[in-house]
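So the structure is just underneath, and the comments pick up after that.
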Amino acid sequence: MMTNDFQGKQLSRLGFGTMRLPTNADGSIDEAQVAEMTAYVLAHGVNYFDTAYPYHGGESERVIGRVLSKYPRDSYYLADKYPGHQISSTGYDPAEIFEEQLRKCGVEYFDFYLLHNVYEKSMEVYLDPQWGIVDYFKEQKRLGRIKHLGFSCHAETKGLKDFLDVCGEDMEFCQIQLNWLDWTLQDAKGKYDLLTKRGIPVWVMEPVRGGRLAKLSDAEEAKLKGLRPDDSIASWGFRFLQGLPNVKMVLSGMSNMEQMVDNVKTFSEDKPLSTEETVLLLDIAEGMKDSIPCTACRYCCDGCPAGLDIPGLISTYNEIRFSPAVNVAMRIEFMPEDKKPTACIGCGQCTQMCPQNIDVPGALKDFAEKLSKLPSWAEICRQREAAARKG
């Protein structure tokens, strides 16, 4: 396992992100599989585990805490995050949340702790003196209950700069969305360059965009396989990051053992992309930019009055945008009426919570219009039955 030195600590360059843990049929986390995956990565040199207050409805912290409790505390690094990005009607109490997180994870300190999702809409919360959020966590660091303090960020490049201008001296690392598609789509290059110039190490989230960059079109995959026939498509995303020297940690939200084995294999050897390979990847990215940049973080779902599975709807919408097809649309047709895109009431709460600033109501309205122009699955079945009779 490749490692990076961070203030004397040898961090595995691959980290286990726990936002997309394997689940059972009822939606609960498959703790037995998480334990198996954890044993595997620890045995192969991965020593960084990342969780957060809202992941899996708050259960991610509990599960990863129980699983890691079986191992010596000095054999791994645990990262957690304060949810100041979540809109609250009652205010923000960093002490209450922090103490709860320590209890849920079953630890006395966090090796790494982040202000979660600093962006234009949450920055005022983090910087508001009445909550004292930054000062509180600086004090916890002084007391040794936080070893390293940083932040994750979905802000535009200017927003990131604004936050750094105020808090940059107190932040030891920054976690950003960085991959070969967002290098230009979300100006990840500008953010990377800004952090590098400020001397702040970069942690990476969404290296393969929630799996979206792990499966391309047949033609696109053929081009990549032509240059690296033995490498997975997902590995290209990680190899792209290996060419960026200020990237010190790459988090992958691995959902099954197959993904984990492939990722561990990728990070067993430093094989960054060549100039030719990078140009090819960025050319493919240019052709993909018509899609809605949803990462399935699910922040939008908590406050949706209609209870819609917004990331699921947008994922299907992107497929419709790529290539309108009845077999895609049927996923929506068989959903309850109150869960379809037509159930969106256009309140905009989702957009307020979205780190990507996606116009969700607008997307769902357009989605519904596109679906209305496709024949229903029932109509397709009737046509096929009629054709069979004639035959």
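Following the order of the structure tokens, chains are lettered A, B, ..., residues in each are numbered from 1, and ligands are numbered from 1.
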Considering only C-alpha atoms, return as a CSV table (one decimal) with N, CA and C atoms, in the first residue's frame whatever protein or nucleic-acid residues lie within 9 Å of A:Pro54, sequence-local ones (same chain, fewer than 3 positions apart) excluded.
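Final output, saved to out02.csv:
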chain,number,residue,atom,x,y,z
A,19,MET,N,-19.6,6.3,3.5
A,19,MET,CA,-20.9,6.9,3.2
A,19,MET,C,-21.8,5.9,2.4
A,51,THR,N,-15.8,8.8,8.4
A,51,THR,CA,-17.3,8.8,8.6
A,51,THR,C,-17.8,10.2,8.8
A,57,GLY,N,-28.0,7.7,7.8
A,57,GLY,CA,-28.9,8.1,8.8
A,57,GLY,C,-28.3,8.1,10.2
A,58,GLY,N,-27.0,8.3,10.3
A,58,GLY,CA,-26.3,8.3,11.6
A,58,GLY,C,-25.8,7.0,12.1
A,59,GLU,N,-26.0,5.9,11.3
A,59,GLU,CA,-25.6,4.6,11.7
A,59,GLU,C,-24.1,4.3,11.3
A,60,SER,N,-23.6,5.0,10.3
A,60,SER,CA,-22.2,4.8,9.8
A,60,SER,C,-21.3,4.9,11.0
A,61,GLU,N,-21.4,6.0,11.8
A,61,GLU,CA,-20.5,6.2,12.9
A,61,GLU,C,-20.5,5.0,13.9
A,83,PRO,N,-21.6,18.5,11.4
A,83,PRO,CA,-22.6,18.8,10.4
A,83,PRO,C,-23.1,20.2,10.4
A,299,TYR,N,-27.9,14.8,0.8
A,299,TYR,CA,-28.3,15.9,1.6
A,299,TYR,C,-29.7,16.5,1.3
Pull the helix (DSSP H, G or I) assignments for stretch 215-368 of chain A out of DSSP run on the backbone, and list those residues as a PyMOL selection string.
chain A and resi 218-227+233-242+257-266+275-286+310-322+326-333+337-339+341-343+349-353+360-368
Which residues are close to stretch 66-78 of chain A, i.e. within 8 Å by only C-alpha atoms, leaving aside same-chain residues fewer than 4 positions away? Reply as a ChimeraX atom specification.
/A:31,34-35,38,47-51,62,105-106,110-112
Every residue of stretch 196-268 of chain A that DSSP places in strand (DSSP E or B), as a ChimeraX atom specification
/A:202-205,247-252
Would you put the residues from that selection into a file with N, CA and C atoms, as a PDB file, in the first residue's frame?
ATOM      1  N   VAL A 202      -4.291  18.194   0.232  1.00  0.00           N
ATOM      2  CA  VAL A 202      -5.603  17.901  -0.338  1.00  0.00           C
ATOM      3  C   VAL A 202      -6.011  16.467  -0.033  1.00  0.00           C
ATOM      4  N   TRP A 203      -7.208  16.328   0.522  1.00  0.00           N
ATOM      5  CA  TRP A 203      -7.903  15.051   0.669  1.00  0.00           C
ATOM      6  C   TRP A 203      -8.942  15.008  -0.469  1.00  0.00           C
ATOM      7  N   VAL A 204      -9.158  13.848  -1.062  1.00  0.00           N
ATOM      8  CA  VAL A 204     -10.073  13.741  -2.193  1.00  0.00           C
ATOM      9  C   VAL A 204     -11.303  12.925  -1.827  1.00  0.00           C
ATOM     10  N   MET A 205     -12.476  13.476  -2.151  1.00  0.00           N
ATOM     11  CA  MET A 205     -13.728  12.719  -2.087  1.00  0.00           C
ATOM     12  C   MET A 205     -14.287  12.614  -3.508  1.00  0.00           C
ATOM     13  N   VAL A 247      -2.106  15.749  -3.503  1.00  0.00           N
ATOM     14  CA  VAL A 247      -3.175  14.854  -3.047  1.00  0.00           C
ATOM     15  C   VAL A 247      -2.556  13.851  -2.085  1.00  0.00           C
ATOM     16  N   LYS A 248      -2.920  13.957  -0.828  1.00  0.00           N
ATOM     17  CA  LYS A 248      -2.335  13.103   0.204  1.00  0.00           C
ATOM     18  C   LYS A 248      -3.249  11.963   0.640  1.00  0.00           C
ATOM     19  N   MET A 249      -4.548  12.102   0.374  1.00  0.00           N
ATOM     20  CA  MET A 249      -5.505  11.070   0.789  1.00  0.00           C
ATOM     21  C   MET A 249      -6.612  10.982  -0.248  1.00  0.00           C
ATOM     22  N   VAL A 250      -6.934   9.773  -0.678  1.00  0.00           N
ATOM     23  CA  VAL A 250      -8.023   9.539  -1.620  1.00  0.00           C
ATOM     24  C   VAL A 250      -9.041   8.636  -0.951  1.00  0.00           C
ATOM     25  N   LEU A 251     -10.233   9.152  -0.722  1.00  0.00           N
ATOM     26  CA  LEU A 251     -11.286   8.386  -0.065  1.00  0.00           C
ATOM     27  C   LEU A 251     -12.157   7.703  -1.107  1.00  0.00           C
ATOM     28  N   SER A 252     -12.431   6.459  -0.876  1.00  0.00           N
ATOM     29  CA  SER A 252     -13.325   5.719  -1.767  1.00  0.00           C
ATOM     30  C   SER A 252     -14.441   5.107  -0.938  1.00  0.00           C
TER      31      SER A 252
END
Find the distance between atom CA of A:Leu185 and atom CA of A:Lys289 and write it in Å to one decimal.
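Those two atoms sit 7.1 Å apart.
From atom CA of A:Cys167 back to atom CA of A:Lys191, the distance works out to 15.9 Å.
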One-decimal distance in Å that lies between atom CA of A:Ile200 and atom CA of A:Gly150:
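Separation between atom CA of A:Gly150 and atom CA of A:Ile200: 9.5 Å.
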Closest atom pairs, stretch 86-111 of chain A residues within 9 Å of stretch 117-136 of chain A, only C-alpha atoms, as a Markdown table:
| residue | atom | partner | partner_atom | distance |
| --- | --- | --- | --- | --- |
| A:Gln86 | CA | A:Ser122 | CA | 7.8 |
| A:Ile87 | CA | A:Ser122 | CA | 8.3 |
| A:Gly91 | CA | A:Trp131 | CA | 7.9 |
| A:Tyr92 | CA | A:Trp131 | CA | 6.1 |
| A:Asp93 | CA | A:Trp131 | CA | 6.9 |
| A:Pro94 | CA | A:Ile133 | CA | 6.0 |
| A:Ala95 | CA | A:Tyr136 | CA | 7.5 |
Select, from A:Ile64, A:Met353, A:Ile284, A:Ile233, the residue with the minimum atom-to-atom distance to A:Gly303, counting only C-alpha atoms.
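Ranking A:Ile64, A:Met353, A:Ile284, A:Ile233 by distance to A:Gly303, first place goes to A:Met353.
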Set the distance at 8 Å and use only C-alpha atoms: which residues neighbour A:Gln33 once local chain neighbours fewer than 3 positions away are removed? I'd like the list as a count of residues only.
5
Quick one: everything within 9 Å of A:Asp338, counting only C-alpha atoms, minus sequence neighbours fewer than 4 positions away in the same chain. Send it as number ranges by chain.
A: 306-308, 342-344
Residue selection dump (C-alpha atoms) as a PDB file, in the first residue's frame:
ATOM      1  CA  ALA A 306     -42.505  14.846  -0.689  1.00  0.00           C
ATOM      2  CA  GLY A 307     -39.978  12.290   0.566  1.00  0.00           C
ATOM      3  CA  LEU A 308     -38.504  11.808  -2.892  1.00  0.00           C
ATOM      4  CA  THR A 342     -44.181  14.667 -10.995  1.00  0.00           C
ATOM      5  CA  ALA A 343     -44.593  14.614  -7.190  1.00  0.00           C
ATOM      6  CA  CYS A 344     -42.035  17.407  -6.795  1.00  0.00           C
TER       7      CYS A 344
END
